[in-house]
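Asks: Sharing protein.cif below, mmCIF, C-alpha atoms:
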```cif
data_upload
loop_
_atom_site.label_atom_id
_atom_site.label_comp_id
_atom_site.auth_asym_id
_atom_site.auth_seq_id
_atom_site.Cartn_x
_atom_site.Cartn_y
_atom_site.Cartn_z
CA MET A 1 99.66 76.27 108.60
CA THR A 2 101.67 79.43 108.30
CA GLY A 3 105.11 77.87 107.94
CA PHE A 4 105.56 78.26 104.22
CA PRO A 5 108.76 76.82 102.75
CA THR A 6 111.41 78.76 100.84
CA ALA A 7 112.00 77.62 97.28
CA PRO A 8 115.52 76.17 97.01
CA ASP A 9 116.17 77.58 93.53
CA LYS A 10 114.64 79.50 90.65
CA GLN A 11 113.29 76.39 88.95
CA ALA A 12 111.40 75.40 92.09
CA LEU A 13 110.22 78.98 92.61
CA GLU A 14 108.85 79.31 89.09
CA HIS A 15 107.75 75.79 88.26
CA GLY A 16 107.65 73.74 91.44
CA ALA A 17 104.40 72.56 93.00
CA ALA A 18 105.31 73.99 96.40
CA LEU A 19 103.67 77.21 97.51
CA ALA A 20 106.77 79.10 98.64
CA PRO A 21 105.81 82.79 98.87
CA ARG A 22 108.65 85.30 98.87
CA PHE A 23 107.66 87.49 101.79
CA ASP A 24 109.49 90.82 101.67
CA THR A 25 111.61 92.39 104.40
CA ASN A 26 108.36 93.41 106.13
CA GLY A 27 107.14 89.82 105.98
CA LEU A 28 104.51 90.58 103.34
CA VAL A 29 103.47 89.59 99.84
CA ALA A 30 101.29 91.76 97.60
CA ALA A 31 97.71 90.74 96.91
CA VAL A 32 95.37 91.82 94.12
CA ALA A 33 91.65 91.04 94.30
CA THR A 34 89.53 91.04 91.17
CA ASP A 35 85.80 90.50 90.80
CA ALA A 36 85.43 86.87 89.76
CA ASP A 37 82.54 87.75 87.47
CA SER A 38 83.40 91.12 85.93
CA GLY A 39 87.21 90.84 86.07
CA GLU A 40 87.41 94.36 87.54
CA VAL A 41 90.35 94.98 89.86
CA LEU A 42 88.74 95.67 93.23
CA MET A 43 91.64 96.34 95.56
CA PHE A 44 95.33 95.99 96.26
CA ALA A 45 96.55 94.95 99.70
CA TRP A 46 99.16 92.93 101.57
CA MET A 47 99.31 89.52 103.20
CA ASN A 48 101.56 88.15 105.90
CA PRO A 49 101.89 84.37 106.25
CA GLU A 50 98.91 84.20 108.61
CA ALA A 51 96.67 86.19 106.26
CA LEU A 52 97.58 83.98 103.32
CA ALA A 53 97.10 80.80 105.33
CA LYS A 54 93.72 81.99 106.67
CA THR A 55 92.60 82.94 103.17
CA LEU A 56 93.42 79.49 101.84
CA GLU A 57 91.91 77.71 104.85
CA THR A 58 88.65 79.63 105.05
CA GLY A 59 88.02 80.61 101.44
CA GLU A 60 87.54 84.21 102.59
CA ALA A 61 90.10 86.91 101.87
CA HIS A 62 92.31 87.91 104.78
CA TYR A 63 94.93 90.63 104.50
CA TRP A 64 97.48 92.32 106.72
CA SER A 65 96.49 95.85 107.62
CA ARG A 66 99.69 97.87 107.57
CA SER A 67 97.93 100.93 109.03
CA ARG A 68 96.43 99.01 111.94
CA GLY A 69 99.23 96.47 112.25
CA GLU A 70 96.85 93.54 112.49
CA LEU A 71 95.27 90.66 110.64
CA TRP A 72 92.36 91.95 108.57
CA HIS A 73 89.47 89.66 107.78
CA LYS A 74 88.05 91.72 104.94
CA GLY A 75 84.37 92.40 105.55
CA ALA A 76 84.31 91.31 109.18
CA THR A 77 82.94 94.72 110.15
CA SER A 78 81.71 96.10 106.79
CA GLY A 79 80.01 92.91 105.61
CA GLN A 80 82.10 93.04 102.43
CA ILE A 81 83.39 89.50 102.90
CA GLN A 82 85.29 88.32 99.84
CA GLN A 83 84.55 84.73 98.91
CA VAL A 84 87.56 83.38 97.08
CA VAL A 85 86.70 81.64 93.83
CA GLU A 86 90.30 81.11 92.77
CA ALA A 87 93.73 81.99 94.15
CA ARG A 88 96.80 82.29 91.95
CA ILE A 89 100.42 83.24 92.53
CA ASP A 90 102.87 84.81 90.12
CA CYS A 91 106.10 83.54 88.64
CA ASP A 92 108.39 84.74 91.43
CA GLN A 93 105.81 84.14 94.15
CA ASP A 94 105.65 87.63 95.58
CA CYS A 95 102.10 88.46 94.52
CA VAL A 96 98.82 86.63 95.06
CA TRP A 97 95.83 87.14 92.76
CA LEU A 98 92.43 86.41 94.28
CA LYS A 99 89.30 86.15 92.15
CA VAL A 100 86.55 86.97 94.62
CA ARG A 101 82.81 87.45 95.00
CA PRO A 102 82.23 90.40 97.34
CA GLN A 103 79.36 89.89 99.79
CA GLY A 104 77.32 92.47 101.68
CA ASP A 105 76.73 95.52 99.52
CA GLY A 106 79.09 94.12 96.88
CA GLY A 107 81.69 96.81 97.41
CA ALA A 108 85.36 96.58 98.29
CA CYS A 109 86.45 100.14 99.04
CA HIS A 110 86.16 102.04 102.30
CA THR A 111 85.10 105.13 100.31
CA GLY A 112 81.89 103.40 99.30
CA ALA A 113 83.02 102.74 95.76
CA ARG A 114 82.67 99.21 94.42
CA SER A 115 86.36 99.16 93.47
CA CYS A 116 89.22 101.11 95.01
CA PHE A 117 90.22 102.02 91.45
CA TYR A 118 87.38 104.48 90.86
CA ARG A 119 89.62 107.09 89.23
CA VAL A 120 91.06 107.16 85.73
CA ILE A 121 94.26 109.10 85.04
CA GLU A 122 93.48 111.31 82.04
CA ASP A 123 95.96 113.93 80.82
CA GLY A 124 97.60 113.76 84.23
CA VAL A 125 94.37 114.49 86.08
CA LEU A 126 92.15 112.12 88.04
CA VAL A 127 88.58 111.61 86.88
CA GLU A 128 86.14 109.55 88.94
CA ARG A 129 84.51 106.89 86.79
CA SER A 130 83.05 103.50 87.68
CA MET B 1 107.16 115.56 84.50
CA THR B 2 108.22 113.43 87.40
CA GLY B 3 107.59 115.93 90.17
CA PHE B 4 104.31 114.60 91.48
CA PRO B 5 102.66 116.56 94.28
CA THR B 6 101.79 115.22 97.72
CA ALA B 7 98.11 115.32 98.63
CA PRO B 8 97.61 117.79 101.50
CA ASP B 9 94.95 115.69 103.24
CA LYS B 10 92.85 112.55 103.01
CA GLN B 11 90.04 114.26 101.11
CA ALA B 12 92.46 115.43 98.42
CA LEU B 13 94.14 112.03 98.34
CA GLU B 14 90.90 110.12 97.88
CA HIS B 15 88.76 112.57 95.93
CA GLY B 16 90.96 115.33 94.54
CA ALA B 17 91.73 115.68 90.85
CA ALA B 18 95.48 115.81 91.47
CA LEU B 19 97.55 112.73 90.73
CA ALA B 20 99.53 112.54 93.97
CA PRO B 21 101.00 109.03 94.20
CA ARG B 22 102.13 107.87 97.61
CA PHE B 23 105.56 106.49 96.80
CA ASP B 24 106.80 104.21 99.58
CA THR B 25 110.08 104.45 101.48
CA ASN B 26 111.79 102.90 98.45
CA GLY B 27 110.26 105.56 96.22
CA LEU B 28 107.88 103.13 94.54
CA VAL B 29 104.19 102.52 93.96
CA ALA B 30 102.73 99.13 93.05
CA ALA B 31 101.45 98.50 89.55
CA VAL B 32 99.07 95.85 88.26
CA ALA B 33 98.66 95.23 84.54
CA THR B 34 95.59 93.48 83.18
CA ASP B 35 94.77 92.48 79.63
CA ALA B 36 92.44 95.21 78.35
CA ASP B 37 90.42 92.67 76.40
CA SER B 38 90.28 89.54 78.57
CA GLY B 39 90.61 91.21 81.98
CA GLU B 40 93.27 88.66 82.98
CA VAL B 41 95.87 89.91 85.44
CA LEU B 42 99.13 89.77 83.49
CA MET B 43 101.75 90.97 85.93
CA PHE B 44 102.56 92.83 89.10
CA ALA B 45 105.48 95.26 89.24
CA TRP B 46 106.68 98.56 90.65
CA MET B 47 106.97 102.13 89.40
CA ASN B 48 109.16 104.98 90.52
CA PRO B 49 108.13 108.53 89.58
CA GLU B 50 110.03 108.35 86.29
CA ALA B 51 108.39 105.04 85.30
CA LEU B 52 104.93 106.40 86.04
CA ALA B 53 105.61 109.63 84.19
CA LYS B 54 107.03 107.78 81.16
CA THR B 55 104.04 105.45 81.12
CA LEU B 56 101.61 108.37 81.06
CA GLU B 57 103.65 110.33 78.51
CA THR B 58 104.27 107.51 76.03
CA GLY B 59 101.22 105.29 76.47
CA GLU B 60 103.56 102.32 76.93
CA ALA B 61 104.08 100.65 80.30
CA HIS B 62 107.31 101.49 82.09
CA TYR B 63 108.24 99.96 85.43
CA TRP B 64 111.11 100.11 87.88
CA SER B 65 113.15 96.93 87.90
CA ARG B 66 114.09 96.30 91.51
CA SER B 67 116.42 93.44 90.55
CA ARG B 68 118.30 95.49 87.96
CA GLY B 69 117.87 98.83 89.71
CA GLU B 70 116.87 100.60 86.53
CA LEU B 71 113.97 101.98 84.52
CA TRP B 72 112.30 99.14 82.64
CA HIS B 73 110.50 99.86 79.40
CA LYS B 74 108.51 96.64 79.29
CA GLY B 75 109.04 94.91 75.96
CA ALA B 76 112.02 96.98 74.85
CA THR B 77 114.04 93.79 74.45
CA SER B 78 111.33 91.08 74.40
CA GLY B 79 108.95 92.90 72.06
CA GLN B 80 106.21 92.54 74.67
CA ILE B 81 105.45 96.27 74.66
CA GLN B 82 102.32 97.04 76.67
CA GLN B 83 100.10 99.64 75.02
CA VAL B 84 98.15 101.34 77.79
CA VAL B 85 94.43 101.55 77.08
CA GLU B 86 93.53 102.99 80.49
CA ALA B 87 95.41 103.89 83.67
CA ARG B 88 93.70 104.04 87.06
CA ILE B 89 94.87 104.70 90.59
CA ASP B 90 93.38 103.44 93.84
CA CYS B 91 91.80 105.28 96.74
CA ASP B 92 95.00 105.92 98.68
CA GLN B 93 97.12 106.38 95.55
CA ASP B 94 99.69 103.70 96.21
CA CYS B 95 98.74 101.35 93.39
CA VAL B 96 98.32 101.93 89.67
CA TRP B 97 96.14 99.69 87.51
CA LEU B 98 97.03 99.56 83.82
CA LYS B 99 94.71 98.00 81.26
CA VAL B 100 97.09 97.05 78.46
CA ARG B 101 97.34 95.40 75.07
CA PRO B 102 100.53 93.32 74.98
CA GLN B 103 102.39 93.49 71.67
CA GLY B 104 104.93 91.08 70.20
CA ASP B 105 103.99 87.51 71.03
CA GLY B 106 101.21 88.77 73.31
CA GLY B 107 102.88 87.52 76.47
CA ALA B 108 103.90 89.33 79.63
CA CYS B 109 105.97 86.83 81.61
CA HIS B 110 109.67 86.08 81.29
CA THR B 111 108.86 82.36 81.66
CA GLY B 112 107.05 82.39 78.33
CA ALA B 113 103.60 82.29 79.89
CA ARG B 114 101.05 84.84 78.73
CA SER B 115 100.43 85.92 82.32
CA CYS B 116 102.79 85.71 85.29
CA PHE B 117 99.88 84.17 87.21
CA TYR B 118 100.02 80.80 85.46
CA ARG B 119 99.62 78.81 88.68
CA VAL B 120 96.50 78.18 90.73
CA ILE B 121 96.81 77.42 94.44
CA GLU B 122 94.77 74.26 95.02
CA ASP B 123 94.78 72.49 98.38
CA GLY B 124 98.03 74.28 99.17
CA VAL B 125 99.75 73.05 96.03
CA LEU B 126 100.54 74.94 92.83
CA VAL B 127 99.00 73.74 89.59
CA GLU B 128 99.95 75.31 86.27
CA ARG B 129 96.87 76.36 84.34
CA SER B 130 96.34 79.09 81.76
#
```
Turn this file's structure into structure tokens for me.
Replies:
Amino acid sequence: MTGFPTAPDKQALEHGAALAPRFDTNGLVAAVATDADSGEVLMFAWMNPEALAKTLETGEAHYWSRSRGELWHKGATSGQIQQVVEARIDCDQDCVWLKVRPQGDGGACHTGARSCFYRVIEDGVLVERS
Amino acid sequence: MTGFPTAPDKQALEHGAALAPRFDTNGLVAAVATDADSGEVLMFAWMNPEALAKTLETGEAHYWSRSRGELWHKGATSGQIQQVVEARIDCDQDCVWLKVRPQGDGGACHTGARSCFYRVIEDGVLVERS
């Protein structure tokens, strides 16, 4: 199912039992994936209704690739499938948090890093650090 | 300083030492705050150049409030100041990850929850769980 409802009011949005994502004007919600075991933030991406529905149906993270303009089954080509251990949504339902176990080589970033957040901002300069 | 540079190419964007955030058409980058101690994702928000610069200068999280259309020093009214322990940026520099220590009552969400992600998606239904 990709026909998510719209919450009728703020109370329903913040405390109702209905999953009613607030897709933005591009039809997307934000998604953050963390490593279910280490807690590390692995990546930030976007989901359209189909990506969210597929993620929930299959237990594997699906995103919307804005650069390619297509549904993105994470790991389908790289092997870095993300098994979803838990999915959460935030108070105003515009961001999904996935706790995942990355398969394949255990990485999540196209650069080869385990996490996309491989750089610390220190004194205004970026320093690579795992 | 709020005059961030633009990375000249993909190599500089992904591996250069220059902080060159890719602000979107609204002038914003995404920001994820996690609890520096528990690793829990606390909130998802946005930063304009000023918010990012203020965060790095002061060591306290600043965001851009899209609903109010103004700089948002998190905790200025609620007391839930977020002391930044570490700031990271992702491979394509459109998302900032802050590891923070929330002050005041230790919460981050306007609903009173510690984290904005107080609901798990289970069988398509939302269940509140800390």
Asks: Here's the selection I'm unsure about, the PyMOL selection byres ((chain A and resi 29) around 7); applied to the file above, which residues does it give, as number ranges by chain?
Replies: A: 22-24, 28, 30-31, 46-48, 94-95
Asks: With C-alpha atoms retained, write the just-selected residues as a compact mmCIF listing (two decimals), in the frame of the given file.
Replies:
```
# COMPACT_ATOMS: atom_id res chain seq x y z
CA ARG A 22 108.65 85.30 98.87
CA PHE A 23 107.66 87.49 101.79
CA ASP A 24 109.49 90.82 101.67
CA LEU A 28 104.51 90.58 103.34
CA ALA A 30 101.29 91.76 97.60
CA ALA A 31 97.71 90.74 96.91
CA TRP A 46 99.16 92.93 101.57
CA MET A 47 99.31 89.52 103.20
CA ASN A 48 101.56 88.15 105.90
CA ASP A 94 105.65 87.63 95.58
CA CYS A 95 102.10 88.46 94.52
```
Asks: Mind checking which residues fall within 10 Å of Gly16 of chain A, counting only C-alpha atoms, ignoring those fewer than 3 positions away in the same chain, and posting them as a list in words?
Replies: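 Residues meeting the cut-off are Ala7, Pro8, Asp9, Lys10, Gln11, Ala12, Leu13, Leu19 and Ala20 of chain A; Arg119, Val125, Leu126, Val127 and Glu128 of chain B.
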Asks: Kindly provide, as a ChimeraX atom specification, the residues of chain A having any atom no farther than 6 Å from an atom of chain B, counting all atoms listed in the file.
Replies: /A:17-19,39,87-91,116-117,119-121,125-126
Asks: Report as an MDAnalysis selection string all protein, DNA and RNA residues lying within 9 Å of segment 67-78 of chain A, evaluated on all atoms listed in the file, omitting residues in the same chain fewer than 6 positions from it.
Replies: chainID A and resid 47:48 50:51 54:55 60:61 102:105 108 110
Asks: Please provide chain A as a PDB file with C-alpha atoms, in the coordinates of the input, once it has been superposed on chain B by least squares across all sequentially paired Cα atoms.
Replies:
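Generated output (part_24.pdb):
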```pdb
ATOM      1  CA  MET A   1     107.200 115.570  84.504  1.00  0.00           C
ATOM      2  CA  THR A   2     108.222 113.431  87.419  1.00  0.00           C
ATOM      3  CA  GLY A   3     107.586 115.936  90.198  1.00  0.00           C
ATOM      4  CA  PHE A   4     104.308 114.593  91.478  1.00  0.00           C
ATOM      5  CA  PRO A   5     102.666 116.558  94.292  1.00  0.00           C
ATOM      6  CA  THR A   6     101.800 115.219  97.740  1.00  0.00           C
ATOM      7  CA  ALA A   7      98.125 115.320  98.640  1.00  0.00           C
ATOM      8  CA  PRO A   8      97.619 117.786 101.509  1.00  0.00           C
ATOM      9  CA  ASP A   9      94.949 115.695 103.247  1.00  0.00           C
ATOM     10  CA  LYS A  10      92.853 112.554 103.000  1.00  0.00           C
ATOM     11  CA  GLN A  11      90.042 114.262 101.112  1.00  0.00           C
ATOM     12  CA  ALA A  12      92.454 115.428  98.422  1.00  0.00           C
ATOM     13  CA  LEU A  13      94.145 112.020  98.342  1.00  0.00           C
ATOM     14  CA  GLU A  14      90.890 110.132  97.874  1.00  0.00           C
ATOM     15  CA  HIS A  15      88.758 112.563  95.916  1.00  0.00           C
ATOM     16  CA  GLY A  16      90.960 115.321  94.549  1.00  0.00           C
ATOM     17  CA  ALA A  17      91.731 115.666  90.851  1.00  0.00           C
ATOM     18  CA  ALA A  18      95.477 115.804  91.467  1.00  0.00           C
ATOM     19  CA  LEU A  19      97.550 112.730  90.730  1.00  0.00           C
ATOM     20  CA  ALA A  20      99.523 112.549  93.976  1.00  0.00           C
ATOM     21  CA  PRO A  21     101.002 109.034  94.193  1.00  0.00           C
ATOM     22  CA  ARG A  22     102.130 107.861  97.616  1.00  0.00           C
ATOM     23  CA  PHE A  23     105.561 106.493  96.800  1.00  0.00           C
ATOM     24  CA  ASP A  24     106.798 104.196  99.565  1.00  0.00           C
ATOM     25  CA  THR A  25     110.066 104.441 101.482  1.00  0.00           C
ATOM     26  CA  ASN A  26     111.793 102.908  98.439  1.00  0.00           C
ATOM     27  CA  GLY A  27     110.257 105.570  96.212  1.00  0.00           C
ATOM     28  CA  LEU A  28     107.879 103.123  94.533  1.00  0.00           C
ATOM     29  CA  VAL A  29     104.189 102.520  93.954  1.00  0.00           C
ATOM     30  CA  ALA A  30     102.729  99.123  93.055  1.00  0.00           C
ATOM     31  CA  ALA A  31     101.443  98.504  89.548  1.00  0.00           C
ATOM     32  CA  VAL A  32      99.063  95.834  88.268  1.00  0.00           C
ATOM     33  CA  ALA A  33      98.662  95.225  84.534  1.00  0.00           C
ATOM     34  CA  THR A  34      95.592  93.477  83.188  1.00  0.00           C
ATOM     35  CA  ASP A  35      94.766  92.482  79.629  1.00  0.00           C
ATOM     36  CA  ALA A  36      92.455  95.209  78.356  1.00  0.00           C
ATOM     37  CA  ASP A  37      90.425  92.672  76.404  1.00  0.00           C
ATOM     38  CA  SER A  38      90.283  89.544  78.563  1.00  0.00           C
ATOM     39  CA  GLY A  39      90.605  91.215  81.986  1.00  0.00           C
ATOM     40  CA  GLU A  40      93.262  88.658  82.980  1.00  0.00           C
ATOM     41  CA  VAL A  41      95.868  89.906  85.443  1.00  0.00           C
ATOM     42  CA  LEU A  42      99.124  89.771  83.493  1.00  0.00           C
ATOM     43  CA  MET A  43     101.754  90.964  85.932  1.00  0.00           C
ATOM     44  CA  PHE A  44     102.561  92.829  89.110  1.00  0.00           C
ATOM     45  CA  ALA A  45     105.472  95.260  89.233  1.00  0.00           C
ATOM     46  CA  TRP A  46     106.676  98.565  90.652  1.00  0.00           C
ATOM     47  CA  MET A  47     106.965 102.123  89.400  1.00  0.00           C
ATOM     48  CA  ASN A  48     109.148 104.986  90.523  1.00  0.00           C
ATOM     49  CA  PRO A  49     108.127 108.534  89.578  1.00  0.00           C
ATOM     50  CA  GLU A  50     110.028 108.340  86.287  1.00  0.00           C
ATOM     51  CA  ALA A  51     108.396 105.045  85.297  1.00  0.00           C
ATOM     52  CA  LEU A  52     104.933 106.396  86.036  1.00  0.00           C
ATOM     53  CA  ALA A  53     105.610 109.642  84.195  1.00  0.00           C
ATOM     54  CA  LYS A  54     107.026 107.790  81.162  1.00  0.00           C
ATOM     55  CA  THR A  55     104.034 105.455  81.116  1.00  0.00           C
ATOM     56  CA  LEU A  56     101.610 108.365  81.063  1.00  0.00           C
ATOM     57  CA  GLU A  57     103.644 110.321  78.504  1.00  0.00           C
ATOM     58  CA  THR A  58     104.276 107.516  76.037  1.00  0.00           C
ATOM     59  CA  GLY A  59     101.230 105.297  76.478  1.00  0.00           C
ATOM     60  CA  GLU A  60     103.567 102.323  76.929  1.00  0.00           C
ATOM     61  CA  ALA A  61     104.075 100.656  80.295  1.00  0.00           C
ATOM     62  CA  HIS A  62     107.310 101.491  82.081  1.00  0.00           C
ATOM     63  CA  TYR A  63     108.238  99.966  85.421  1.00  0.00           C
ATOM     64  CA  TRP A  64     111.109 100.102  87.876  1.00  0.00           C
ATOM     65  CA  SER A  65     113.149  96.926  87.882  1.00  0.00           C
ATOM     66  CA  ARG A  66     114.081  96.298  91.496  1.00  0.00           C
ATOM     67  CA  SER A  67     116.412  93.430  90.528  1.00  0.00           C
ATOM     68  CA  ARG A  68     118.303  95.482  87.955  1.00  0.00           C
ATOM     69  CA  GLY A  69     117.884  98.824  89.699  1.00  0.00           C
ATOM     70  CA  GLU A  70     116.862 100.608  86.524  1.00  0.00           C
ATOM     71  CA  LEU A  71     113.977 101.984  84.524  1.00  0.00           C
ATOM     72  CA  TRP A  72     112.299  99.148  82.637  1.00  0.00           C
ATOM     73  CA  HIS A  73     110.513  99.863  79.394  1.00  0.00           C
ATOM     74  CA  LYS A  74     108.513  96.651  79.285  1.00  0.00           C
ATOM     75  CA  GLY A  75     109.044  94.910  75.959  1.00  0.00           C
ATOM     76  CA  ALA A  76     112.015  96.980  74.839  1.00  0.00           C
ATOM     77  CA  THR A  77     114.047  93.794  74.441  1.00  0.00           C
ATOM     78  CA  SER A  78     111.333  91.085  74.399  1.00  0.00           C
ATOM     79  CA  GLY A  79     108.949  92.899  72.057  1.00  0.00           C
ATOM     80  CA  GLN A  80     106.204  92.548  74.672  1.00  0.00           C
ATOM     81  CA  ILE A  81     105.455  96.271  74.669  1.00  0.00           C
ATOM     82  CA  GLN A  82     102.331  97.039  76.673  1.00  0.00           C
ATOM     83  CA  GLN A  83     100.108  99.630  75.048  1.00  0.00           C
ATOM     84  CA  VAL A  84      98.151 101.335  77.785  1.00  0.00           C
ATOM     85  CA  VAL A  85      94.435 101.534  77.089  1.00  0.00           C
ATOM     86  CA  GLU A  86      93.535 102.973  80.477  1.00  0.00           C
ATOM     87  CA  ALA A  87      95.399 103.877  83.664  1.00  0.00           C
ATOM     88  CA  ARG A  88      93.701 104.039  87.046  1.00  0.00           C
ATOM     89  CA  ILE A  89      94.863 104.700  90.590  1.00  0.00           C
ATOM     90  CA  ASP A  90      93.382 103.457  93.836  1.00  0.00           C
ATOM     91  CA  CYS A  91      91.795 105.281  96.733  1.00  0.00           C
ATOM     92  CA  ASP A  92      94.998 105.931  98.680  1.00  0.00           C
ATOM     93  CA  GLN A  93      97.108 106.372  95.555  1.00  0.00           C
ATOM     94  CA  ASP A  94      99.690 103.698  96.214  1.00  0.00           C
ATOM     95  CA  CYS A  95      98.733 101.350  93.387  1.00  0.00           C
ATOM     96  CA  VAL A  96      98.319 101.935  89.661  1.00  0.00           C
ATOM     97  CA  TRP A  97      96.138  99.683  87.502  1.00  0.00           C
ATOM     98  CA  LEU A  98      97.024  99.566  83.813  1.00  0.00           C
ATOM     99  CA  LYS A  99      94.711  97.993  81.249  1.00  0.00           C
ATOM    100  CA  VAL A 100      97.091  97.048  78.460  1.00  0.00           C
ATOM    101  CA  ARG A 101      97.330  95.388  75.061  1.00  0.00           C
ATOM    102  CA  PRO A 102     100.529  93.321  74.980  1.00  0.00           C
ATOM    103  CA  GLN A 103     102.399  93.493  71.667  1.00  0.00           C
ATOM    104  CA  GLY A 104     104.933  91.080  70.204  1.00  0.00           C
ATOM    105  CA  ASP A 105     103.988  87.513  71.040  1.00  0.00           C
ATOM    106  CA  GLY A 106     101.210  88.772  73.319  1.00  0.00           C
ATOM    107  CA  GLY A 107     102.878  87.520  76.470  1.00  0.00           C
ATOM    108  CA  ALA A 108     103.894  89.329  79.631  1.00  0.00           C
ATOM    109  CA  CYS A 109     105.965  86.834  81.608  1.00  0.00           C
ATOM    110  CA  HIS A 110     109.660  86.081  81.284  1.00  0.00           C
ATOM    111  CA  THR A 111     108.851  82.361  81.663  1.00  0.00           C
ATOM    112  CA  GLY A 112     107.039  82.399  78.341  1.00  0.00           C
ATOM    113  CA  ALA A 113     103.599  82.281  79.889  1.00  0.00           C
ATOM    114  CA  ARG A 114     101.047  84.833  78.726  1.00  0.00           C
ATOM    115  CA  SER A 115     100.430  85.919  82.327  1.00  0.00           C
ATOM    116  CA  CYS A 116     102.787  85.727  85.286  1.00  0.00           C
ATOM    117  CA  PHE A 117      99.888  84.177  87.208  1.00  0.00           C
ATOM    118  CA  TYR A 118     100.014  80.803  85.458  1.00  0.00           C
ATOM    119  CA  ARG A 119      99.619  78.814  88.680  1.00  0.00           C
ATOM    120  CA  VAL A 120      96.505  78.180  90.736  1.00  0.00           C
ATOM    121  CA  ILE A 121      96.814  77.423  94.452  1.00  0.00           C
ATOM    122  CA  GLU A 122      94.769  74.261  95.016  1.00  0.00           C
ATOM    123  CA  ASP A 123      94.777  72.479  98.382  1.00  0.00           C
ATOM    124  CA  GLY A 124      98.009  74.290  99.173  1.00  0.00           C
ATOM    125  CA  VAL A 125      99.743  73.057  96.033  1.00  0.00           C
ATOM    126  CA  LEU A 126     100.533  74.945  92.840  1.00  0.00           C
ATOM    127  CA  VAL A 127      98.997  73.734  89.596  1.00  0.00           C
ATOM    128  CA  GLU A 128      99.975  75.302  86.275  1.00  0.00           C
ATOM    129  CA  ARG A 129      96.888  76.373  84.357  1.00  0.00           C
ATOM    130  CA  SER A 130      96.373  79.097  81.763  1.00  0.00           C
TER     131      SER A 130
END
```
Asks: Work out how far atom CA of Gly106 of chain B is from atom CA of Gly79 of chain B, in Å to one decimal.
Replies: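 Atom CA of Gly79 of chain B sits 8.9 Å away from atom CA of Gly106 of chain B.
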Asks: If you measure from atom CA of Asn26 of chain A to atom CA of Thr25 of chain B, what distance in Å do you get, rounded to one decimal?
Replies: 12.1 Å
